[in-house]
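These notes concern the structure reproduced below.
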2 protein chains.
Amino acid sequence: MAAIVTRKEVAELAGVSEATVSRVFNDVGPMKEQTRQRVLQAAKTLNYHPNAIAQSFARRRSGNLGVVLPYVPKVHIFSTYYFSEVLSGIGEQVKASGYDMLLKFRVPGEESDYSSIFRSQKVDACVILGATDTPSERAELKKLEDGGFPFCLINQHMSGERFNEVDADHEGGSYRAVRHLLDLGYRNIAFLSGSPEFSNSGDRLRGYMQAMREAGLLPAEAKAPGDLPPHLYYEGNYSLTSGIKAAAAMHPHLNRIEAVFASNDRMAIGLMQGLREYGHVPGRDYAIVGYDDSEAARVTDPPLTSVAVPFYEMGRLAAEQVLRRVGGGNETGGALESFSVKLDTRLVVRQSCRILR
Amino acid sequence: MAAIVTRKEVAELAGVSEATVSRVFNDVGPMKEQTRQRVLQAAKTLNYHPNAIAQSFARRRSGNLGVVLPYVPKVHIFSTYYFSEVLSGIGEQVKASGYDMLLKFRVPGEESDYSSIFRSQKVDACVILGATDTPSERAELKKLEDGGFPFCLINQHMSGERFNEVDADHEGGSYRAVRHLLDLGYRNIAFLSGSPEFSNSGDRLRGYMQAMREAGLLPAEAKAPGDLPPHLYYEGNYSLTSGIKAAAAMHPHLNRIEAVFASNDRMAIGLMQGLREYGHVPGRDYAIVGYDDSEAARVTDPPLTSVAVPFYEMGRLAAEQVLRRVGGGNETGGALESFSVKLDTRLVVRQSCRILR
DNA sequence: AAAAAAAATGTACGCGCGTTCATTATCTCA
DNA sequence: TGAGATAATGAACGCGCGTACATTTTTTTT
């Protein structure tokens, strides 16, 4: 193991005090150019690199942005379009801001003890993915907020709180998707929901129901899944497998279903695969619209109409905003307001909902 | 900002010394159960959490595994199958080992100064993705090795060095892919290569050429791309776009090409898209085999025959091995040998190379 | 040329924790 | 019951750095 070179040795070699070495590396205070060069030269000779841990310790700042990832059973989390895009966006911003990105994987059984993440001081701020709206999570997040720790939720709205949030207009996106199907003349449109503990699942449901109500296909007071005809409502958990399972449940009713709106592409693809097993071909026997506009949507057969969500930009924006709040406020002294943005979604039409009869 | 609770306050409340608090939290030394409880109670009351940065500082160990990511222009890096799977594997192991994962994004212009990553002490070990075999990178890696820092390359072999490496048998995988095409009766088989600066690109080329030589379709002394008929060799950079570009170059020669072996699925898909524009339909006008067996391979039309690579396991294994080397050796005192593993690949046959004529 | 101001550098301390060594309390066995 | 052994705890230091404050050197002003 190479011995650790400290500023003390650099100081000795350069014939200055340790403080001066520190000043050179932090670029603080007035400094004679000649001594600066001497110090830099000595540092180079000794191959000195400031110890980042010690710096963090002294500065009381780690230079890390934490990213909290949910536990997703049996799935390679980075391989899901949603997470990979969000993380790419965060990564981009983190790089631009000179931070590092520290990933925290949530462990299945464990309570999500967010505040310990901060108290441990390993991160200066954090972005939380896959938060769920449960009382215990809310309580944890409140603690974070009370502590003044900068954090931001992505794709999850906690109504009644003023947490920093970056979300997308899933309700509008879903509405437009279903409207598209309606405009094509379909009437019996089924909805394949994702896991209900995410607020954005509810958003999609609301968009779907609004479109259906407006078309006179649902009573005006229909609000909850229970208000839907059972053969039009299915529930999965955003996984491919759950889409396949939904196919088994849906297949007996397919004579009464013309089109399906699935809450993400993955489930849509699983559903298509599953229904194919029963001889139902998408784009011929039924129309289908997915959600996320993942890359897979471009290559399925038929190509999948889907709702594009700016996940990358959401990640980038969340990181940017939360890093700006590090240190408890902006440079002019005031603390920053909490922010909550909702980015637009966009329907991308492909062939999976063409009328072919 | 919530005031930071230190062990001092816990010690006072519990009526013990700071050292005792420390012992309780590190579970060292004999300890009267009663005092342990008093301390834990006091810690709970004050909501004390040890400061991870200070711990790292004192222990001279960060508890982080570094992951160095290459700069990939214009691509969302987490959204590529290869990286996302490897990262998932690393993430899994990191979680199991009680470490955190610190991502380091390489910056385009900057020299890859690996050793500074270690000297800065932010990570105890690291896994390097997308290393290239250039003199400067080799030199940097040598420095790491000389320093005794545990690191591991994934999917990149540096011949002549004894770096820790986790690789896959790309040569064998490519050989089998091309053999499959040969067995189906194809003779004019083109090769779409990836970026040559990665050793695994060369591996694929070798596998392809060996199969072709064995079939008597290339002279025995053919070794380099230059030894191939130009209409059979194309070069991309593993991106979708480069596959589309390759289609433009390949299209004029397609009357002399029966099948294509592409170095990854992404390029294969791009190629299929591109060739379709010219009216050439995969599985009808030409056969095609991809590489990686990404999820996209299952959903293309036709489904893409591809070579499965255990990326997830590679990531997991690399992390496991490198973390075992933290601290310069194993528990029994001896330093661990450097390791170099090569995992098997597997051909997954789908419909893209069926003979349909 | 002396006084005042500004620039440049040094001294010294603390950040929170792990850990060694010294000290005190408790137990064991005769 | 007392000596030795062992368990339990405390005191003190250093990890490498940032930085407030003190000191010295240089420049500017009168």
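Each chain in the structure tokens gets a letter, A, B and so on, in the order shown; residues start at 1 in every chain, and ligands are counted from 1 in the order they appear.
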Query raised in the report: Could you write out as a ChimeraX atom specification the residues of chain A within 8 Å of chain D, counting only C-alpha atoms (C1' of nucleotides)?
Result: /A:6-7,22,51,54-55,57-59
Report task. Select residues of chain A: the criterion is any atom within 7 Å of an atom of chain C, counting only C-alpha atoms (C1' of nucleotides); output as a ChimeraX atom specification. Result -> /A:17,20,30-32,57-58
Listing only residues of chain B within 8 Å of chain A, what is the closest atom pair and its distance in Å (to one decimal) for each, using only C-alpha atoms, sorted by chain and residue number ascending, as a Markdown table?
```
| residue | atom | partner | partner_atom | distance |
| --- | --- | --- | --- | --- |
| B:Met1 | CA | A:Gly148 | CA | 4.7 |
| B:Ala2 | CA | A:Gly147 | CA | 4.7 |
| B:Ile4 | CA | A:Arg119 | CA | 7.4 |
| B:His49 | CA | A:Arg119 | CA | 6.1 |
| B:Pro50 | CA | A:Ser120 | CA | 6.1 |
| B:Asn51 | CA | A:Ser120 | CA | 4.4 |
| B:Ala52 | CA | A:Ser120 | CA | 4.6 |
| B:Ile53 | CA | A:Phe57 | CA | 5.9 |
| B:Ala54 | CA | A:Phe57 | CA | 6.0 |
| B:Ser56 | CA | A:Ile53 | CA | 7.0 |
| B:Phe57 | CA | A:Ile53 | CA | 5.9 |
| B:Ser62 | CA | A:Ile53 | CA | 7.6 |
| B:His76 | CA | A:Ser88 | CA | 5.4 |
| B:Ile77 | CA | A:Ser88 | CA | 6.2 |
| B:Phe78 | CA | A:Ser84 | CA | 4.8 |
| B:Ser79 | CA | A:Ser84 | CA | 5.0 |
| B:Tyr81 | CA | A:Ser79 | CA | 6.6 |
| B:Ser84 | CA | A:Phe78 | CA | 4.8 |
| B:Glu85 | CA | A:Ser79 | CA | 6.1 |
| B:Leu87 | CA | A:Phe78 | CA | 6.8 |
| B:Ser88 | CA | A:His76 | CA | 5.4 |
| B:Gly89 | CA | A:His76 | CA | 7.8 |
| B:Gly91 | CA | A:Phe105 | CA | 7.6 |
| B:Lys95 | CA | A:Phe105 | CA | 6.6 |
| B:Asp100 | CA | A:Leu103 | CA | 6.3 |
| B:Met101 | CA | A:Leu103 | CA | 5.3 |
| B:Leu102 | CA | A:Leu102 | CA | 4.6 |
| B:Leu103 | CA | A:Met101 | CA | 5.3 |
| B:Lys104 | CA | A:Asp100 | CA | 6.3 |
| B:Phe105 | CA | A:Lys95 | CA | 6.6 |
| B:Val107 | CA | A:Lys95 | CA | 7.9 |
| B:Ser116 | CA | A:His49 | CA | 6.6 |
| B:Arg119 | CA | A:His49 | CA | 6.1 |
| B:Ser120 | CA | A:Asn51 | CA | 4.4 |
| B:Gln121 | CA | A:Asn51 | CA | 6.0 |
| B:Lys122 | CA | A:Ile53 | CA | 6.0 |
| B:Asp146 | CA | A:Ala2 | CA | 7.7 |
| B:Gly147 | CA | A:Ala2 | CA | 4.8 |
| B:Gly148 | CA | A:Met1 | CA | 4.8 |
| B:Phe149 | CA | A:Met1 | CA | 7.1 |
| B:Ala296 | CA | A:Ala296 | CA | 5.9 |
| B:Val299 | CA | A:Thr300 | CA | 4.8 |
| B:Thr300 | CA | A:Val299 | CA | 4.8 |
| B:Asp301 | CA | A:Asp301 | CA | 5.6 |
| B:Gly328 | CA | A:Met1 | CA | 7.5 |
```
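Look at Ser136 (chain B): the protein and nucleic acid residues within 12 Å of it, using only C-alpha atoms (C1' of nucleotides) and passing over chain neighbours fewer than 2 places away, are B:Glu110, B:Glu111, B:Ser112, B:Asp113, B:Tyr114, B:Ala131, B:Thr132, B:Asp133, B:Thr134, B:Arg138, B:Ala139, B:Glu140, B:Leu141, B:Lys142, B:Lys143.
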Requested in this report: Find the spatial neighbours of Asp293 (chain B), counting only C-alpha atoms (C1' of nucleotides), within a cut-off of 6 Å - ignore same-chain residues fewer than 4 positions away - and output them as a list in words.
Outcome: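 In the requested form, the answer reads Ala297, Ser306, Val307 and Ala308 of chain B.
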Requested in this report: Based on DSSP run over this structure's backbone, return all residues of region 7-238 of chain A in strand (DSSP E), as a PyMOL selection string.
Outcome: chain A and resi 64-69+100-105+125-129+151-154+165-168+189-193+233-235
Requested in this report: May I ask for the distance between CA of Val309 (chain B) and CA of Tyr208 (chain B), given in Å to one decimal place?
Outcome: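 Between CA of Val309 (chain B) and CA of Tyr208 (chain B) the gap is 16.6 Å.
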Report task. Do a neighbour search on region 36-39 of chain B at 12 Å with only C-alpha atoms (C1' of nucleotides), toss out local chain neighbours closer than 2 positions, and write the hits as a ChimeraX atom specification. Result -> /B:7-34,41-48 /D:8-9
Query raised in the report: Running DSSP on the backbone, which parts of region 110-194 of chain A land in alpha helix (DSSP H), as a PyMOL selection string?
Result: chain A and resi 114-119+135-146+170-183
Query - Residue contacts of Tyr186 (chain A) (7 Å, only C-alpha atoms (C1' of nucleotides)) excluding same-chain residues fewer than 3 positions away, as number ranges by chain - result: A: 181-182, 189, 258-259
